[in-house]
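Raw model.txt, compact mmCIF, C-alpha atoms:
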```
# COMPACT_ATOMS: atom_id res chain seq x y z
CA MET A 15 0.00 0.00 0.00
CA ALA A 16 1.89 3.00 -1.32
CA ASP A 17 0.09 5.63 0.77
CA ALA A 18 0.19 3.70 4.04
CA MET A 19 1.29 5.78 7.02
CA ILE A 20 1.45 2.71 9.26
CA LYS A 21 2.62 -0.70 8.06
CA VAL A 22 2.51 -3.64 10.47
CA GLU A 23 3.67 -7.10 9.38
CA ASN A 24 3.53 -10.25 11.50
CA LEU A 25 3.94 -8.21 14.69
CA THR A 26 4.51 -10.41 17.74
CA LYS A 27 5.18 -9.59 21.37
CA GLU A 28 5.96 -12.28 23.93
CA TYR A 29 6.33 -12.08 27.70
CA GLY A 30 8.02 -15.37 28.51
CA PRO A 31 5.62 -18.11 27.40
CA PHE A 32 2.71 -15.65 27.04
CA ARG A 33 2.12 -14.19 23.57
CA ALA A 34 0.33 -10.85 23.98
CA VAL A 35 0.37 -9.99 20.25
CA ASP A 36 0.39 -12.85 17.76
CA GLN A 37 1.40 -12.33 14.11
CA VAL A 38 -0.69 -9.17 13.61
CA SER A 39 -0.57 -7.44 10.21
CA PHE A 40 -2.39 -4.34 8.98
CA ASN A 41 -1.89 -1.01 7.18
CA VAL A 42 -3.40 2.41 7.86
CA ARG A 43 -3.61 5.16 5.23
CA ARG A 44 -3.38 8.91 5.59
CA GLY A 45 -6.82 10.42 6.09
CA GLU A 46 -8.17 7.29 7.79
CA VAL A 47 -9.69 7.12 11.28
CA LEU A 48 -9.18 3.54 12.42
CA GLY A 49 -11.09 2.07 15.34
CA PHE A 50 -8.91 -0.46 17.20
CA LEU A 51 -11.12 -2.69 19.32
CA GLY A 52 -10.80 -5.71 21.55
CA PRO A 53 -11.68 -6.99 25.02
CA ASN A 54 -9.41 -6.29 27.98
CA GLY A 55 -6.14 -8.17 27.60
CA ALA A 56 -6.58 -8.68 23.86
CA GLY A 57 -3.31 -6.94 22.92
CA LYS A 58 -4.55 -3.45 21.92
CA SER A 59 -2.44 -1.44 24.34
CA THR A 60 0.62 -3.59 23.65
CA THR A 61 0.27 -2.97 19.91
CA MET A 62 -0.11 0.78 20.45
CA LYS A 63 2.91 0.86 22.75
CA ILE A 64 4.96 -0.84 20.05
CA LEU A 65 3.79 1.68 17.44
CA THR A 66 4.74 4.56 19.76
CA CYS A 67 8.14 2.99 20.63
CA PHE A 68 7.36 2.33 24.30
CA LEU A 69 7.90 -1.40 23.71
CA ALA A 70 10.05 -3.36 21.27
CA PRO A 71 8.41 -6.25 19.38
CA THR A 72 9.66 -9.79 19.82
CA SER A 73 9.42 -10.34 16.06
CA GLY A 74 7.79 -8.89 12.99
CA SER A 75 8.03 -5.29 11.86
CA ALA A 76 6.23 -1.96 12.10
CA GLN A 77 6.83 1.22 10.16
CA VAL A 78 5.29 4.55 11.16
CA ALA A 79 5.42 7.44 8.67
CA GLY A 80 8.08 5.46 6.81
CA PHE A 81 10.34 4.89 9.84
CA ASP A 82 11.05 1.62 11.61
CA VAL A 83 9.89 1.55 15.25
CA PHE A 84 12.96 -0.40 16.36
CA ASP A 85 15.80 1.21 14.39
CA GLN A 86 14.39 4.74 13.98
CA SER A 87 12.40 5.30 17.15
CA LEU A 88 13.28 8.99 17.52
CA GLN A 89 11.95 9.80 14.05
CA VAL A 90 8.78 7.83 14.83
CA ARG A 91 8.19 9.71 18.10
CA GLN A 92 8.61 13.04 16.35
CA ARG A 93 5.75 12.17 14.00
CA VAL A 94 3.32 10.58 16.45
CA GLY A 95 0.95 12.13 18.96
CA TYR A 96 -0.02 9.64 21.68
CA LEU A 97 -2.78 9.87 24.26
CA PRO A 98 -2.57 6.86 26.61
CA GLU A 99 -5.60 5.75 28.60
CA ASP A 100 -4.18 7.05 31.91
CA THR A 101 -2.97 10.43 30.74
CA PRO A 102 0.42 11.26 32.36
CA LEU A 103 0.38 14.95 33.34
CA TYR A 104 2.31 17.22 35.71
CA HIS A 105 -0.33 18.24 38.24
CA ASP A 106 1.71 21.07 39.75
CA MET A 107 1.86 22.99 36.46
CA THR A 108 -0.84 25.24 35.08
CA VAL A 109 -2.43 24.17 31.79
CA LEU A 110 -0.50 26.88 29.93
CA GLU A 111 2.78 25.91 31.60
CA HIS A 112 2.18 22.26 30.77
CA LEU A 113 1.55 22.95 27.08
CA ASP A 114 4.54 25.31 26.95
CA PHE A 115 6.71 22.57 28.48
CA ALA A 116 5.39 20.04 25.95
CA ALA A 117 6.11 22.46 23.10
CA ASN A 118 9.70 22.89 24.31
CA MET A 119 10.13 19.10 24.50
CA HIS A 120 9.16 18.95 20.83
CA GLY A 121 11.69 21.63 19.93
CA MET A 122 9.11 24.38 19.51
CA SER A 123 9.73 27.86 20.90
CA GLY A 124 8.94 31.53 20.45
CA ASP A 125 6.05 32.69 18.30
CA ARG A 126 5.58 29.27 16.69
CA ALA A 127 5.07 27.58 20.06
CA GLN A 128 2.72 30.28 21.37
CA SER A 129 0.67 30.29 18.16
CA ARG A 130 0.30 26.52 18.25
CA ILE A 131 -0.60 26.49 21.96
CA LYS A 132 -3.28 29.10 21.34
CA GLU A 133 -4.71 27.20 18.36
CA ILE A 134 -4.78 23.76 19.97
CA GLY A 135 -5.87 25.09 23.36
CA GLY A 136 -8.85 26.69 21.66
CA ARG A 137 -9.75 23.59 19.64
CA CYS A 138 -9.63 21.44 22.78
CA GLY A 139 -11.67 23.90 24.88
CA LEU A 140 -8.91 24.86 27.32
CA VAL A 141 -9.00 28.67 27.10
CA GLU A 142 -11.10 29.12 30.27
CA VAL A 143 -8.81 26.89 32.38
CA ALA A 144 -5.43 27.96 30.95
CA GLY A 145 -4.30 29.47 34.27
CA LYS A 146 -5.49 26.64 36.51
CA LEU A 147 -3.27 23.93 37.93
CA VAL A 148 -3.66 20.64 36.06
CA GLY A 149 -4.18 18.86 39.41
CA GLU A 150 -7.24 21.03 40.12
CA LEU A 151 -9.00 20.11 36.87
CA SER A 152 -11.79 17.57 36.46
CA LYS A 153 -10.97 14.30 34.74
CA GLY A 154 -12.65 15.56 31.57
CA TYR A 155 -10.48 18.66 31.41
CA ARG A 156 -7.33 16.65 32.17
CA GLN A 157 -8.29 14.45 29.23
CA ARG A 158 -8.50 17.56 27.06
CA VAL A 159 -5.04 18.65 28.21
CA GLY A 160 -3.69 15.22 27.22
CA LEU A 161 -5.32 15.46 23.81
CA ALA A 162 -3.95 18.98 23.29
CA GLN A 163 -0.47 17.76 24.25
CA ALA A 164 -0.75 14.89 21.75
CA MET A 165 -1.74 17.28 18.94
CA LEU A 166 0.54 20.18 19.84
CA HIS A 167 3.46 19.38 17.53
CA ASP A 168 1.14 18.79 14.54
CA PRO A 169 1.99 15.09 14.18
CA ASP A 170 1.27 13.05 11.06
CA ILE A 171 -0.29 10.30 13.18
CA LEU A 172 -2.48 10.39 16.28
CA ILE A 173 -2.84 7.31 18.49
CA LEU A 174 -5.61 7.81 21.04
CA ASP A 175 -6.50 5.35 23.80
CA GLU A 176 -10.02 6.03 25.18
CA PRO A 177 -9.90 9.75 24.28
CA THR A 178 -13.43 10.56 25.53
CA SER A 179 -13.05 8.87 28.93
CA GLY A 180 -14.46 11.12 31.66
CA LEU A 181 -16.10 13.61 29.31
CA ASP A 182 -19.73 14.70 29.51
CA PRO A 183 -22.03 14.17 26.45
CA ASN A 184 -21.42 17.68 25.07
CA GLN A 185 -17.65 17.31 25.43
CA ILE A 186 -17.78 13.86 23.81
CA ALA A 187 -19.58 15.32 20.78
CA GLU A 188 -16.95 18.08 20.51
CA ILE A 189 -13.99 15.67 20.74
CA ARG A 190 -15.58 13.27 18.23
CA ALA A 191 -16.02 16.14 15.78
CA LEU A 192 -12.40 17.19 16.35
CA ILE A 193 -11.14 13.65 15.72
CA LYS A 194 -13.10 13.41 12.46
CA GLU A 195 -11.78 16.81 11.39
CA VAL A 196 -8.17 15.85 12.15
CA GLY A 197 -8.69 12.50 10.41
CA ARG A 198 -9.39 14.16 7.06
CA GLU A 199 -5.73 15.07 6.66
CA LYS A 200 -3.89 12.85 9.16
CA THR A 201 -3.90 9.24 10.31
CA VAL A 202 -5.78 8.46 13.52
CA ILE A 203 -5.91 5.21 15.50
CA LEU A 204 -8.67 5.29 18.09
CA SER A 205 -8.93 2.62 20.77
CA THR A 206 -12.21 2.56 22.67
CA HIS A 207 -14.72 0.25 24.33
CA ILE A 208 -17.60 2.56 23.34
CA LEU A 209 -18.93 0.99 20.14
CA PRO A 210 -21.27 3.90 19.23
CA GLU A 211 -18.14 6.06 19.28
CA VAL A 212 -16.62 3.86 16.57
CA GLN A 213 -19.82 4.16 14.55
CA ALA A 214 -19.77 7.95 14.85
CA THR A 215 -16.05 8.51 14.33
CA CYS A 216 -14.24 5.73 12.48
CA SER A 217 -14.09 4.90 8.79
CA ARG A 218 -12.65 1.44 9.46
CA MET A 219 -12.37 -1.08 12.32
CA LEU A 220 -9.82 -3.62 13.44
CA ILE A 221 -10.84 -6.15 16.09
CA ILE A 222 -8.18 -8.06 18.02
CA SER A 223 -8.85 -10.97 20.35
CA GLY A 224 -6.36 -13.18 22.17
CA GLY A 225 -3.52 -11.30 20.49
CA LYS A 226 -4.79 -12.16 16.99
CA LEU A 227 -6.48 -9.92 14.43
CA VAL A 228 -9.98 -11.33 13.89
CA ALA A 229 -11.66 -8.63 11.75
CA ASP A 230 -10.79 -5.72 9.46
CA GLY A 231 -13.35 -3.62 7.60
CA THR A 232 -15.78 -0.73 7.71
CA PRO A 233 -18.53 -0.85 10.38
CA ASP A 234 -21.09 -1.64 7.65
CA GLU A 235 -18.94 -4.43 6.20
CA LEU A 236 -18.50 -6.08 9.59
CA ARG A 237 -22.22 -5.88 10.38
CA ALA A 238 -22.95 -7.46 7.00
CA ARG A 239 -20.85 -10.50 8.00
CA GLU A 240 -23.27 -11.41 10.75
CA LYS A 241 -25.37 -14.46 10.06
CA GLY A 242 -29.11 -14.04 10.07
CA THR A 243 -31.59 -11.27 10.71
CA ARG A 244 -33.36 -10.39 13.95
CA TYR A 245 -37.01 -9.40 14.23
CA ARG A 246 -38.98 -7.90 17.09
CA VAL A 247 -42.66 -8.79 17.51
CA VAL A 248 -44.90 -7.26 20.20
CA VAL A 249 -48.53 -8.33 20.76
CA GLU A 250 -51.03 -7.41 23.44
CA ALA A 251 -50.80 -9.70 26.45
CA ASN A 252 -54.56 -10.23 26.67
CA GLY A 253 -54.65 -11.58 23.14
CA ALA A 254 -53.13 -14.99 23.96
CA PRO A 255 -50.82 -16.74 26.44
CA ALA A 256 -47.15 -15.98 25.80
CA ASP A 257 -46.25 -19.66 25.31
CA ALA A 258 -48.89 -20.07 22.60
CA VAL A 259 -47.61 -17.04 20.70
CA LYS A 260 -44.02 -18.20 21.05
CA ASP A 261 -44.86 -21.69 19.75
CA LYS A 262 -46.67 -20.36 16.69
CA LEU A 263 -43.98 -17.83 15.78
CA GLY A 264 -41.16 -20.28 16.45
CA ALA A 265 -42.74 -22.92 14.18
CA LEU A 266 -42.49 -20.72 11.09
CA GLY A 267 -40.13 -21.87 8.36
CA GLY A 268 -36.87 -19.93 8.42
CA VAL A 269 -37.06 -19.13 12.15
CA SER A 270 -33.99 -20.36 14.02
CA ARG A 271 -34.80 -18.87 17.45
CA CYS A 272 -37.82 -17.31 19.13
CA GLN A 273 -37.25 -15.86 22.59
CA LYS A 274 -39.59 -13.91 24.86
CA VAL A 275 -37.79 -10.84 26.26
CA GLU A 276 -38.58 -8.02 28.64
CA GLY A 277 -40.80 -5.37 27.11
CA GLU A 278 -43.57 -2.92 27.79
CA SER A 279 -46.23 -3.67 30.39
CA GLY A 280 -49.34 -5.39 29.10
CA ALA A 281 -47.61 -6.92 26.08
CA HIS A 282 -45.63 -9.99 25.02
CA THR A 283 -42.33 -9.10 23.32
CA PHE A 284 -40.34 -11.62 21.26
CA GLU A 285 -36.94 -11.58 19.57
CA ILE A 286 -36.88 -13.82 16.52
CA ASP A 287 -33.80 -14.83 14.52
CA GLY A 288 -34.03 -15.98 10.92
CA ASP A 289 -32.03 -16.64 7.79
CA ALA A 290 -30.50 -13.47 6.34
CA LYS A 291 -31.54 -14.52 2.81
CA ALA A 292 -35.27 -14.49 3.61
CA ASP A 293 -37.53 -11.65 4.79
CA LEU A 294 -39.86 -13.14 7.41
CA ARG A 295 -41.94 -10.04 8.06
CA LYS A 296 -44.88 -11.13 5.86
CA SER A 297 -44.96 -14.58 7.44
CA LEU A 298 -44.78 -13.19 10.96
CA PHE A 299 -47.54 -10.69 10.19
CA ARG A 300 -49.76 -13.43 8.72
CA VAL A 301 -49.41 -15.64 11.82
CA VAL A 302 -50.41 -12.75 14.08
CA VAL A 303 -53.39 -11.75 11.91
CA ASP A 304 -54.65 -15.32 11.43
CA ASN A 305 -54.64 -15.83 15.20
CA HIS A 306 -56.36 -12.48 15.86
CA TRP A 307 -53.60 -11.20 18.15
CA PRO A 308 -53.49 -7.41 18.48
CA LEU A 309 -50.13 -6.48 16.90
CA LEU A 310 -48.30 -3.56 18.53
CA GLU A 311 -44.95 -3.81 16.75
CA LEU A 312 -43.22 -5.76 13.99
CA SER A 313 -39.72 -4.67 13.00
CA ARG A 314 -36.58 -6.04 11.40
CA GLN A 315 -33.31 -5.10 13.11
CA ALA A 316 -29.87 -4.95 11.51
CA ALA A 317 -26.95 -6.57 13.27
CA SER A 318 -25.31 -4.19 15.72
CA LEU A 319 -21.62 -3.62 16.30
CA GLU A 320 -22.19 -5.14 19.74
CA ASP A 321 -23.29 -8.39 18.02
CA VAL A 322 -20.23 -8.34 15.77
CA PHE A 323 -17.85 -7.61 18.65
CA ARG A 324 -19.32 -10.27 20.94
CA ASN A 325 -19.34 -12.99 18.30
CA LEU A 326 -15.77 -12.31 17.17
CA THR A 327 -14.25 -12.00 20.64
CA THR A 328 -16.17 -14.62 22.64
CA GLY A 329 -17.30 -17.12 20.04
CA GLU A 330 -20.92 -16.59 21.04
CA GLU A 331 -23.43 -16.92 18.24
CA SER A 332 -26.12 -14.49 19.22
CA ARG A 333 -27.93 -14.96 15.89
CA SER A 334 -27.79 -18.73 15.51
```
Target encoding structure tokens, full file:
Amino acid sequence: MADAMIKVENLTKEYGPFRAVDQVSFNVRRGEVLGFLGPNGAGKSTTMKILTCFLAPTSGSAQVAGFDVFDQSLQVRQRVGYLPEDTPLYHDMTVLEHLDFAANMHGMSGDRAQSRIKEIGGRCGLVEVAGKLVGELSKGYRQRVGLAQAMLHDPDILILDEPTSGLDPNQIAEIRALIKEVGREKTVILSTHILPEVQATCSRMLIISGGKLVADGTPDELRAREKGTRYRVVVEANGAPADAVKDKLGALGGVSRCQKVEGESGAHTFEIDGDAKADLRKSLFRVVVDNHWPLLELSRQAASLEDVFRNLTTGEESRS
């Protein structure tokens, strides 16, 4: 991939007999916001630490902005902005002092440093707290300081681990918009457990489980991989006993599972799984009408990212 800003080939990291990252390979292009997902202990943080030169791989290779993470780590660090999950900050500095210190560490000084601090501080919503000590800030504002620090030197690549942790809904919307804006011209890797955040922010997803890469594609492509289609049927409770409704709906051709679930008071609610190649809505409607059950809802539901994530990382088949 000629325009790849990150190239990872057969990346492996071992701690004694334990293999935290196992033969992982992927590329990330400029202008791509990549969601990097996996359960706790899957190898996400280890992979990101290798890409940011905090850890050396046991084997395999990784290039960032054209530089090798093992042999050219200084050049890699100069081109990467990294926001770890537990943002390391100096609590006895003011926000302005902290950003000024970070600018100096990146070799920035004078008008260039002050101009960049002003720009990034404004984009991250730090103007009102610029004179406050970092240690006096809320977790959400400390997260903003960490994000500003990661972006301060205008890096080619941003690697963000749970960037919206501790933010309120308005702040989350602002940071998501900022990430999408930055991602139009730079490369962004976003690690998060919040799947709606991936949907709202990322153009592509990688899912890692047990150290191995188990999925790579857009959110829509990964949802399309899910087997089957789910339907939701709600009928009035006084129309028939729940077991009778369940038996009739479950006996339809193409239905693989019919399960009564919690729903609104005074109604029977069922989740029904069927073959993805067939649309069961007409058949479900006909069963309800023929049995004179008052129908309150009949809907077909697309596979969610939660379904995809659970099936790929636990082996559960929620639609089978």
Counting all atoms listed in the file, which residue out of A:Thr60, A:Gln37, A:Thr243, A:Asn252 sits closest to Arg314 of chain A?
A:Thr243
Closest-contact table, segment 149-184 of chain A side, partner segment 98-122 of chain A, 8 Å, counting all atoms listed in the file, as a Markdown table:
```
| residue | atom | partner | partner_atom | distance |
| --- | --- | --- | --- | --- |
| A:Gly149 | CA | A:His105 | CA | 4.1 |
| A:Glu150 | CA | A:His105 | CA | 7.7 |
| A:Arg156 | CA | A:Thr101 | CA | 7.7 |
| A:Gln157 | CA | A:Thr101 | CA | 6.8 |
| A:Val159 | CA | A:Val109 | CA | 7.1 |
| A:Gly160 | CA | A:Thr101 | CA | 6.0 |
| A:Ala162 | CA | A:Leu113 | CA | 7.8 |
| A:Gln163 | CA | A:Leu113 | CA | 6.2 |
| A:Leu166 | CA | A:Ala117 | CA | 6.8 |
| A:His167 | CA | A:His120 | CA | 6.6 |
| A:Leu174 | CA | A:Pro98 | CA | 6.4 |
| A:Asp175 | CA | A:Glu99 | CA | 4.9 |
| A:Glu176 | CA | A:Glu99 | CA | 5.6 |
| A:Pro177 | CA | A:Glu99 | CA | 7.3 |
```
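We find atom CA of Pro31 of chain A and atom CA of Ala76 of chain A to be spaced 22.3 Å apart.
Excluding Leu294 of chain A and any residue on its chain fewer than 4 positions from it, the residues at most 12 Å away by all atoms listed in the file are Gly242, Thr243, Arg244, Tyr245, Arg246, Val247, Leu263, Gly264, Leu266, Gly267, Gly268, Val269, Ser270, Ile286, Asp287, Gly288, Asp289, Ala290, Leu298, Phe299, Arg300, Val301, Leu312, Ser313, Arg314 and Gln315 of chain A.
Nearest to Pro169 of chain A of all the residues A:Asn24, A:Gln128, A:Asn184, A:Gln89 is A:Gln89, based on only C-alpha atoms.
Taking all atoms listed in the file into account, the polymer residues that have an atom no farther than 12 Å from (-56.5, -13.1, 23.1) are Val249, Glu250, Ala251, Asn252, Gly253, Ala254, Pro255, Ala256, Ala258, Val259, Ala281, His282, Val302, Val303, Asn305, His306, Trp307, Pro308 and Leu309 of chain A.
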Any idea what's packed within 12 Å of Arg33 of chain A, counting all atoms listed in the file, ignoring anything in its chain fewer than 2 positions away? Could you give it as a PDB file with C-alpha atoms, in the frame of the given file?
```
ATOM      1  CA  LEU A  25       3.940  -8.210  14.690  1.00  0.00           C
ATOM      2  CA  THR A  26       4.510 -10.410  17.740  1.00  0.00           C
ATOM      3  CA  LYS A  27       5.180  -9.590  21.370  1.00  0.00           C
ATOM      4  CA  GLU A  28       5.960 -12.280  23.930  1.00  0.00           C
ATOM      5  CA  TYR A  29       6.330 -12.080  27.700  1.00  0.00           C
ATOM      6  CA  GLY A  30       8.020 -15.370  28.510  1.00  0.00           C
ATOM      7  CA  PRO A  31       5.620 -18.110  27.400  1.00  0.00           C
ATOM      8  CA  VAL A  35       0.370  -9.990  20.250  1.00  0.00           C
ATOM      9  CA  ASP A  36       0.390 -12.850  17.760  1.00  0.00           C
ATOM     10  CA  GLN A  37       1.400 -12.330  14.110  1.00  0.00           C
ATOM     11  CA  VAL A  38      -0.690  -9.170  13.610  1.00  0.00           C
ATOM     12  CA  GLY A  55      -6.140  -8.170  27.600  1.00  0.00           C
ATOM     13  CA  ALA A  56      -6.580  -8.680  23.860  1.00  0.00           C
ATOM     14  CA  GLY A  57      -3.310  -6.940  22.920  1.00  0.00           C
ATOM     15  CA  THR A  60       0.620  -3.590  23.650  1.00  0.00           C
ATOM     16  CA  THR A  61       0.270  -2.970  19.910  1.00  0.00           C
ATOM     17  CA  PRO A  71       8.410  -6.250  19.380  1.00  0.00           C
ATOM     18  CA  THR A  72       9.660  -9.790  19.820  1.00  0.00           C
ATOM     19  CA  SER A  73       9.420 -10.340  16.060  1.00  0.00           C
ATOM     20  CA  SER A 223      -8.850 -10.970  20.350  1.00  0.00           C
ATOM     21  CA  GLY A 224      -6.360 -13.180  22.170  1.00  0.00           C
ATOM     22  CA  GLY A 225      -3.520 -11.300  20.490  1.00  0.00           C
ATOM     23  CA  LYS A 226      -4.790 -12.160  16.990  1.00  0.00           C
TER      24      LYS A 226
END
```
What box, with edges along x, y and z, holds each listed atom of segment 184-189 of chain A when 4 Å is added on every side, and can you state its centre and edge lengths in Å to one decimal, as lines of an AutoDock Vina configuration file?
```
center_x = -17.7
center_y = 16.0
center_z = 23.0
size_x = 15.4
size_y = 12.2
size_z = 12.9
```
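Nearest to Glu133 of chain A of all the residues A:Lys58, A:Met165, A:Gln213, A:Ala79 is A:Met165, based on all atoms listed in the file.
The coordinates place atom CA of Leu192 of chain A at 9.6 Å from atom CA of Thr215 of chain A.
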In terms of all atoms listed in the file, the residue from A:Lys200, A:Gln92, A:Ile173, A:Ile131 at minimal distance from Lys63 of chain A is A:Ile173
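Nearest residue to Leu161 of chain A, choosing from A:Cys138, A:Val78, A:Ile208, A:Leu220 and counting only C-alpha atoms: A:Cys138.
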Point-to-point distance in Å for atom CA of Val212 of chain A and atom CA of Leu319 of chain A
9.0 Å
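Here the question is which of A:Glu23, A:Glu311, A:Glu320, A:Glu278 gets nearest to Glu211 of chain A using only C-alpha atoms, and that residue is A:Glu320.
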From the coordinates I just gave you, please extract segment 115-188 of chain A so that only C-alpha atoms remain, then output it as a CSV table (one decimal), in the first residue's frame.
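Saved to decode28.csv:
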```csv
chain,number,residue,atom,x,y,z
A,115,PHE,CA,6.7,22.6,28.5
A,116,ALA,CA,5.4,20.0,26.0
A,117,ALA,CA,6.1,22.5,23.1
A,118,ASN,CA,9.7,22.9,24.3
A,119,MET,CA,10.1,19.1,24.5
A,120,HIS,CA,9.2,18.9,20.8
A,121,GLY,CA,11.7,21.6,19.9
A,122,MET,CA,9.1,24.4,19.5
A,123,SER,CA,9.7,27.9,20.9
A,124,GLY,CA,8.9,31.5,20.4
A,125,ASP,CA,6.1,32.7,18.3
A,126,ARG,CA,5.6,29.3,16.7
A,127,ALA,CA,5.1,27.6,20.1
A,128,GLN,CA,2.7,30.3,21.4
A,129,SER,CA,0.7,30.3,18.2
A,130,ARG,CA,0.3,26.5,18.3
A,131,ILE,CA,-0.6,26.5,22.0
A,132,LYS,CA,-3.3,29.1,21.3
A,133,GLU,CA,-4.7,27.2,18.4
A,134,ILE,CA,-4.8,23.8,20.0
A,135,GLY,CA,-5.9,25.1,23.4
A,136,GLY,CA,-8.8,26.7,21.7
A,137,ARG,CA,-9.7,23.6,19.6
A,138,CYS,CA,-9.6,21.4,22.8
A,139,GLY,CA,-11.7,23.9,24.9
A,140,LEU,CA,-8.9,24.9,27.3
A,141,VAL,CA,-9.0,28.7,27.1
A,142,GLU,CA,-11.1,29.1,30.3
A,143,VAL,CA,-8.8,26.9,32.4
A,144,ALA,CA,-5.4,28.0,30.9
A,145,GLY,CA,-4.3,29.5,34.3
A,146,LYS,CA,-5.5,26.6,36.5
A,147,LEU,CA,-3.3,23.9,37.9
A,148,VAL,CA,-3.7,20.6,36.1
A,149,GLY,CA,-4.2,18.9,39.4
A,150,GLU,CA,-7.2,21.0,40.1
A,151,LEU,CA,-9.0,20.1,36.9
A,152,SER,CA,-11.8,17.6,36.5
A,153,LYS,CA,-11.0,14.3,34.7
A,154,GLY,CA,-12.7,15.6,31.6
A,155,TYR,CA,-10.5,18.7,31.4
A,156,ARG,CA,-7.3,16.6,32.2
A,157,GLN,CA,-8.3,14.5,29.2
A,158,ARG,CA,-8.5,17.6,27.1
A,159,VAL,CA,-5.0,18.7,28.2
A,160,GLY,CA,-3.7,15.2,27.2
A,161,LEU,CA,-5.3,15.5,23.8
A,162,ALA,CA,-4.0,19.0,23.3
A,163,GLN,CA,-0.5,17.8,24.3
A,164,ALA,CA,-0.7,14.9,21.7
A,165,MET,CA,-1.7,17.3,18.9
A,166,LEU,CA,0.5,20.2,19.8
A,167,HIS,CA,3.5,19.4,17.5
A,168,ASP,CA,1.1,18.8,14.5
A,169,PRO,CA,2.0,15.1,14.2
A,170,ASP,CA,1.3,13.1,11.1
A,171,ILE,CA,-0.3,10.3,13.2
A,172,LEU,CA,-2.5,10.4,16.3
A,173,ILE,CA,-2.8,7.3,18.5
A,174,LEU,CA,-5.6,7.8,21.0
A,175,ASP,CA,-6.5,5.3,23.8
A,176,GLU,CA,-10.0,6.0,25.2
A,177,PRO,CA,-9.9,9.8,24.3
A,178,THR,CA,-13.4,10.6,25.5
A,179,SER,CA,-13.1,8.9,28.9
A,180,GLY,CA,-14.5,11.1,31.7
A,181,LEU,CA,-16.1,13.6,29.3
A,182,ASP,CA,-19.7,14.7,29.5
A,183,PRO,CA,-22.0,14.2,26.5
A,184,ASN,CA,-21.4,17.7,25.1
A,185,GLN,CA,-17.6,17.3,25.4
A,186,ILE,CA,-17.8,13.9,23.8
A,187,ALA,CA,-19.6,15.3,20.8
A,188,GLU,CA,-17.0,18.1,20.5
```
